[in-house]
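Worksheet: the structure to be examined is printed underneath.
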Amino acid sequence: MPTVAMTVNGKSVAGNVEGRTLLVQFLREHLQLTGTHVGCDTSQCGCCTIHLNGKGVKSCAVLALACEGADVVTIEGLATGGTADVKLHPMQEAFREHHGLQCGFCTPGMIMSAVDMVKRKGHDLDEKAIRKQLEGNICRCTGYHNIVLAVQAGAAAMKGN
């Protein structure tokens, strides 16, 4: 079985994987990083969104072996500090403050997509732009209103980072 090595959330990792192993499987099953969710296996729902070499991608559509030497950030890698002194990323904090979640299943992918959106589109995002950018992320519980508010607040809070 081939070995793949990459940096995940700032740590060097390696593992033996089958050629067909998806990045989401590697993260969840090999590294026990279960914050990245699997919702559809067809790259339509966005629950598995992570940052690969600085860009938001759906990890269910990427083979783990294709990530040799890559830099991967998952939802677990956004917050800083240890278990006793965790400091949430501004976007995570905004989702918490504005209740941009309901069941929470889509939340990690929404947050990772939102952070990527701010990096690509800037900090001043209107509702229409946010909704357009989140079209690849499905939430089955909400009407997206609080998610949009959370993204706007998180984008504004990210100006200082």
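Ordered as shown in the structure tokens, chains take letters A, B, and onward, while each chain numbers its residues from 1 and ligands are numbered from 1 in the order shown.
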
### Query
Could you pull the residues within 12 Å of region 35-42 of chain A, counting only C-alpha atoms, minus those fewer than 2 positions along the same chain, as a ChimeraX atom specification?
/A:22-29,31-33,44-51,57-62,72-78,104-112,136-140

Show me, as a PDB file with N, CA and C atoms, in the first residue's frame, the residues that have an atom within 12 Å of region 155-158 of chain A when counting only C-alpha atoms, minus same-chain residues fewer than 6 positions from it.
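Contents of the output file part.pdb:
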```
ATOM      1  N   LEU A  88     -11.296  30.455  19.700  1.00  0.00           N
ATOM      2  CA  LEU A  88     -11.940  30.174  18.417  1.00  0.00           C
ATOM      3  C   LEU A  88     -11.492  31.160  17.350  1.00  0.00           C
ATOM      4  N   HIS A  89     -11.448  30.697  16.119  1.00  0.00           N
ATOM      5  CA  HIS A  89     -11.216  31.571  14.969  1.00  0.00           C
ATOM      6  C   HIS A  89     -12.376  32.560  14.922  1.00  0.00           C
ATOM      7  N   PRO A  90     -12.170  33.782  14.433  1.00  0.00           N
ATOM      8  CA  PRO A  90     -13.270  34.753  14.374  1.00  0.00           C
ATOM      9  C   PRO A  90     -14.527  34.240  13.659  1.00  0.00           C
ATOM     10  N   MET A  91     -14.370  33.419  12.630  1.00  0.00           N
ATOM     11  CA  MET A  91     -15.543  32.889  11.937  1.00  0.00           C
ATOM     12  C   MET A  91     -16.261  31.861  12.812  1.00  0.00           C
ATOM     13  N   GLN A  92     -15.524  31.043  13.527  1.00  0.00           N
ATOM     14  CA  GLN A  92     -16.146  30.090  14.447  1.00  0.00           C
ATOM     15  C   GLN A  92     -16.910  30.840  15.533  1.00  0.00           C
ATOM     16  N   GLU A  93     -16.303  31.868  16.062  1.00  0.00           N
ATOM     17  CA  GLU A  93     -16.939  32.670  17.109  1.00  0.00           C
ATOM     18  C   GLU A  93     -18.204  33.338  16.579  1.00  0.00           C
ATOM     19  N   ALA A  94     -18.156  33.825  15.336  1.00  0.00           N
ATOM     20  CA  ALA A  94     -19.333  34.475  14.743  1.00  0.00           C
ATOM     21  C   ALA A  94     -20.479  33.479  14.557  1.00  0.00           C
ATOM     22  N   PHE A  95     -20.168  32.254  14.148  1.00  0.00           N
ATOM     23  CA  PHE A  95     -21.214  31.234  14.016  1.00  0.00           C
ATOM     24  C   PHE A  95     -21.824  30.930  15.378  1.00  0.00           C
ATOM     25  N   ILE A 111     -18.236  26.896   7.798  1.00  0.00           N
ATOM     26  CA  ILE A 111     -17.191  27.762   8.357  1.00  0.00           C
ATOM     27  C   ILE A 111     -15.950  27.746   7.471  1.00  0.00           C
ATOM     28  N   SER A 113     -15.765  27.056   4.305  1.00  0.00           N
ATOM     29  CA  SER A 113     -16.107  27.763   3.067  1.00  0.00           C
ATOM     30  C   SER A 113     -16.150  29.270   3.292  1.00  0.00           C
ATOM     31  N   ALA A 114     -16.674  29.684   4.432  1.00  0.00           N
ATOM     32  CA  ALA A 114     -16.766  31.113   4.742  1.00  0.00           C
ATOM     33  C   ALA A 114     -15.383  31.742   4.898  1.00  0.00           C
ATOM     34  N   VAL A 115     -14.484  31.058   5.565  1.00  0.00           N
ATOM     35  CA  VAL A 115     -13.113  31.577   5.722  1.00  0.00           C
ATOM     36  C   VAL A 115     -12.453  31.704   4.356  1.00  0.00           C
ATOM     37  N   ASP A 116     -12.629  30.683   3.516  1.00  0.00           N
ATOM     38  CA  ASP A 116     -12.079  30.733   2.160  1.00  0.00           C
ATOM     39  C   ASP A 116     -12.699  31.883   1.367  1.00  0.00           C
ATOM     40  N   MET A 117     -14.004  32.077   1.528  1.00  0.00           N
ATOM     41  CA  MET A 117     -14.714  33.154   0.840  1.00  0.00           C
ATOM     42  C   MET A 117     -14.116  34.514   1.201  1.00  0.00           C
ATOM     43  N   VAL A 118     -13.880  34.736   2.475  1.00  0.00           N
ATOM     44  CA  VAL A 118     -13.321  36.014   2.923  1.00  0.00           C
ATOM     45  C   VAL A 118     -11.921  36.216   2.344  1.00  0.00           C
ATOM     46  N   LYS A 119     -11.135  35.159   2.320  1.00  0.00           N
ATOM     47  CA  LYS A 119      -9.780  35.268   1.754  1.00  0.00           C
ATOM     48  C   LYS A 119      -9.828  35.619   0.267  1.00  0.00           C
ATOM     49  N   ARG A 120     -10.816  35.085  -0.440  1.00  0.00           N
ATOM     50  CA  ARG A 120     -10.919  35.324  -1.884  1.00  0.00           C
ATOM     51  C   ARG A 120     -11.643  36.618  -2.231  1.00  0.00           C
ATOM     52  N   LYS A 121     -12.690  36.955  -1.452  1.00  0.00           N
ATOM     53  CA  LYS A 121     -13.596  38.042  -1.832  1.00  0.00           C
ATOM     54  C   LYS A 121     -13.477  39.294  -0.955  1.00  0.00           C
ATOM     55  N   GLY A 122     -12.763  39.195   0.142  1.00  0.00           N
ATOM     56  CA  GLY A 122     -12.616  40.354   1.016  1.00  0.00           C
ATOM     57  C   GLY A 122     -13.570  40.317   2.197  1.00  0.00           C
ATOM     58  N   HIS A 123     -13.480  41.335   3.020  1.00  0.00           N
ATOM     59  CA  HIS A 123     -14.199  41.380   4.297  1.00  0.00           C
ATOM     60  C   HIS A 123     -15.580  42.017   4.215  1.00  0.00           C
ATOM     61  N   ASP A 124     -15.836  42.777   3.178  1.00  0.00           N
ATOM     62  CA  ASP A 124     -17.117  43.475   3.048  1.00  0.00           C
ATOM     63  C   ASP A 124     -18.020  42.709   2.085  1.00  0.00           C
ATOM     64  N   LEU A 125     -18.753  41.756   2.630  1.00  0.00           N
ATOM     65  CA  LEU A 125     -19.599  40.891   1.820  1.00  0.00           C
ATOM     66  C   LEU A 125     -21.065  41.174   2.104  1.00  0.00           C
ATOM     67  N   ASP A 126     -21.834  41.356   1.051  1.00  0.00           N
ATOM     68  CA  ASP A 126     -23.268  41.558   1.253  1.00  0.00           C
ATOM     69  C   ASP A 126     -23.983  40.202   1.221  1.00  0.00           C
ATOM     70  N   ILE A 130     -22.708  36.453  -0.280  1.00  0.00           N
ATOM     71  CA  ILE A 130     -22.536  35.315   0.627  1.00  0.00           C
ATOM     72  C   ILE A 130     -23.396  34.146   0.173  1.00  0.00           C
ATOM     73  N   VAL A 148     -25.853  33.534   7.065  1.00  0.00           N
ATOM     74  CA  VAL A 148     -25.417  34.746   6.364  1.00  0.00           C
ATOM     75  C   VAL A 148     -24.973  35.803   7.369  1.00  0.00           C
ATOM     76  N   LEU A 149     -25.755  36.011   8.426  1.00  0.00           N
ATOM     77  CA  LEU A 149     -25.365  36.971   9.465  1.00  0.00           C
ATOM     78  C   LEU A 149     -24.034  36.596  10.104  1.00  0.00           C
TER      79      LEU A 149
END
```

### Task
Name the residues of region 5-148 of chain A that fall into strand (DSSP E or B) according to DSSP on the backbone, using the chain letters and numbers of this document, as JSON, numbers by chain.
{"A": [5, 6, 7, 8, 11, 12, 13, 14, 15, 16, 22, 49, 50, 51, 52, 55, 56, 57, 58, 63, 71, 72, 73, 80, 87]}

Write a file of the selected residues as a PDB file, in the first residue's frame, keeping N, CA and C atoms.
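Below is the file out.pdb, written as the result:
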```pdb
ATOM      1  N   ALA A   5       2.234  11.488   2.693  1.00  0.00           N
ATOM      2  CA  ALA A   5       2.691  12.379   3.755  1.00  0.00           C
ATOM      3  C   ALA A   5       2.240  13.798   3.420  1.00  0.00           C
ATOM      4  N   MET A   6       1.762  14.495   4.438  1.00  0.00           N
ATOM      5  CA  MET A   6       1.289  15.872   4.259  1.00  0.00           C
ATOM      6  C   MET A   6       1.343  16.582   5.599  1.00  0.00           C
ATOM      7  N   THR A   7       1.060  17.843   5.600  1.00  0.00           N
ATOM      8  CA  THR A   7       0.944  18.616   6.836  1.00  0.00           C
ATOM      9  C   THR A   7      -0.536  18.863   7.060  1.00  0.00           C
ATOM     10  N   VAL A   8      -1.026  18.475   8.236  1.00  0.00           N
ATOM     11  CA  VAL A   8      -2.427  18.676   8.577  1.00  0.00           C
ATOM     12  C   VAL A   8      -2.492  19.479   9.864  1.00  0.00           C
ATOM     13  N   LYS A  11       0.851  19.995  11.553  1.00  0.00           N
ATOM     14  CA  LYS A  11       1.641  18.839  11.976  1.00  0.00           C
ATOM     15  C   LYS A  11       1.912  17.927  10.785  1.00  0.00           C
ATOM     16  N   SER A  12       3.129  17.425  10.700  1.00  0.00           N
ATOM     17  CA  SER A  12       3.460  16.461   9.655  1.00  0.00           C
ATOM     18  C   SER A  12       2.811  15.128   9.989  1.00  0.00           C
ATOM     19  N   VAL A  13       2.131  14.556   9.002  1.00  0.00           N
ATOM     20  CA  VAL A  13       1.473  13.262   9.175  1.00  0.00           C
ATOM     21  C   VAL A  13       1.781  12.392   7.967  1.00  0.00           C
ATOM     22  N   ALA A  14       1.680  11.093   8.172  1.00  0.00           N
ATOM     23  CA  ALA A  14       1.870  10.149   7.081  1.00  0.00           C
ATOM     24  C   ALA A  14       1.022   8.922   7.372  1.00  0.00           C
ATOM     25  N   GLY A  15       0.665   8.210   6.324  1.00  0.00           N
ATOM     26  CA  GLY A  15      -0.115   6.995   6.510  1.00  0.00           C
ATOM     27  C   GLY A  15      -0.158   6.165   5.248  1.00  0.00           C
ATOM     28  N   ASN A  16      -0.346   4.878   5.435  1.00  0.00           N
ATOM     29  CA  ASN A  16      -0.526   3.965   4.312  1.00  0.00           C
ATOM     30  C   ASN A  16      -1.980   4.010   3.890  1.00  0.00           C
ATOM     31  N   LEU A  22     -10.107   8.496  -0.244  1.00  0.00           N
ATOM     32  CA  LEU A  22     -10.393   9.933  -0.367  1.00  0.00           C
ATOM     33  C   LEU A  22      -9.745  10.690   0.788  1.00  0.00           C
ATOM     34  N   THR A  49     -15.785  20.298   3.414  1.00  0.00           N
ATOM     35  CA  THR A  49     -14.872  21.343   2.964  1.00  0.00           C
ATOM     36  C   THR A  49     -13.725  21.538   3.943  1.00  0.00           C
ATOM     37  N   ILE A  50     -12.521  21.570   3.383  1.00  0.00           N
ATOM     38  CA  ILE A  50     -11.285  21.827   4.135  1.00  0.00           C
ATOM     39  C   ILE A  50     -10.475  22.830   3.310  1.00  0.00           C
ATOM     40  N   HIS A  51      -9.332  23.237   3.823  1.00  0.00           N
ATOM     41  CA  HIS A  51      -8.438  24.095   3.047  1.00  0.00           C
ATOM     42  C   HIS A  51      -7.245  23.249   2.615  1.00  0.00           C
ATOM     43  N   LEU A  52      -7.020  23.185   1.327  1.00  0.00           N
ATOM     44  CA  LEU A  52      -5.918  22.440   0.739  1.00  0.00           C
ATOM     45  C   LEU A  52      -4.998  23.447   0.062  1.00  0.00           C
ATOM     46  N   LYS A  55      -6.662  26.826  -0.204  1.00  0.00           N
ATOM     47  CA  LYS A  55      -7.916  26.996  -0.937  1.00  0.00           C
ATOM     48  C   LYS A  55      -8.972  26.049  -0.384  1.00  0.00           C
ATOM     49  N   GLY A  56     -10.207  26.513  -0.314  1.00  0.00           N
ATOM     50  CA  GLY A  56     -11.306  25.673   0.124  1.00  0.00           C
ATOM     51  C   GLY A  56     -11.635  24.635  -0.932  1.00  0.00           C
ATOM     52  N   VAL A  57     -11.634  23.355  -0.531  1.00  0.00           N
ATOM     53  CA  VAL A  57     -11.993  22.274  -1.439  1.00  0.00           C
ATOM     54  C   VAL A  57     -12.855  21.254  -0.702  1.00  0.00           C
ATOM     55  N   LYS A  58     -13.606  20.504  -1.459  1.00  0.00           N
ATOM     56  CA  LYS A  58     -14.424  19.431  -0.891  1.00  0.00           C
ATOM     57  C   LYS A  58     -13.562  18.177  -0.838  1.00  0.00           C
ATOM     58  N   LEU A  63      -8.383  12.639  -3.901  1.00  0.00           N
ATOM     59  CA  LEU A  63      -7.716  11.435  -3.422  1.00  0.00           C
ATOM     60  C   LEU A  63      -6.613  11.815  -2.436  1.00  0.00           C
ATOM     61  N   ASP A  71      -0.457  21.043   2.229  1.00  0.00           N
ATOM     62  CA  ASP A  71      -0.797  21.660   3.513  1.00  0.00           C
ATOM     63  C   ASP A  71      -2.320  21.640   3.627  1.00  0.00           C
ATOM     64  N   VAL A  72      -2.834  20.946   4.645  1.00  0.00           N
ATOM     65  CA  VAL A  72      -4.265  20.785   4.846  1.00  0.00           C
ATOM     66  C   VAL A  72      -4.661  21.415   6.168  1.00  0.00           C
ATOM     67  N   VAL A  73      -5.747  22.172   6.160  1.00  0.00           N
ATOM     68  CA  VAL A  73      -6.312  22.716   7.399  1.00  0.00           C
ATOM     69  C   VAL A  73      -7.760  22.250   7.471  1.00  0.00           C
ATOM     70  N   THR A  80      -7.103  28.216  17.991  1.00  0.00           N
ATOM     71  CA  THR A  80      -5.744  28.205  18.509  1.00  0.00           C
ATOM     72  C   THR A  80      -5.765  27.888  19.997  1.00  0.00           C
ATOM     73  N   LYS A  87      -8.938  29.336  21.753  1.00  0.00           N
ATOM     74  CA  LYS A  87      -9.435  30.606  21.220  1.00  0.00           C
ATOM     75  C   LYS A  87      -9.985  30.302  19.831  1.00  0.00           C
TER      76      LYS A  87
END
```

### Task
Could you tell me how far CA of Cys141 (chain A) lies from CA of Glu97 (chain A), in Å and to one decimal?
17.9 Å

### Query
What gap, in Å, lies between CA of Glu135 (chain A) and CA of Val151 (chain A)?
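Spanning CA of Glu135 (chain A) to CA of Val151 (chain A) is a straight-line distance of 13.7 Å.
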
### Point-to-point distance from CA of Met1 (chain A) to CA of His30 (chain A), Å rounded to tenths
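Distance between the two atoms: 14.0 Å.
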
### Message
Calculated over only C-alpha atoms, which of the candidates A:Gly19, A:Val86, A:Asn53, A:Tyr144 has the smallest distance to Gly69 (chain A)?
### Response
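For Gly69 (chain A), the nearest of the given residues is A:Asn53.
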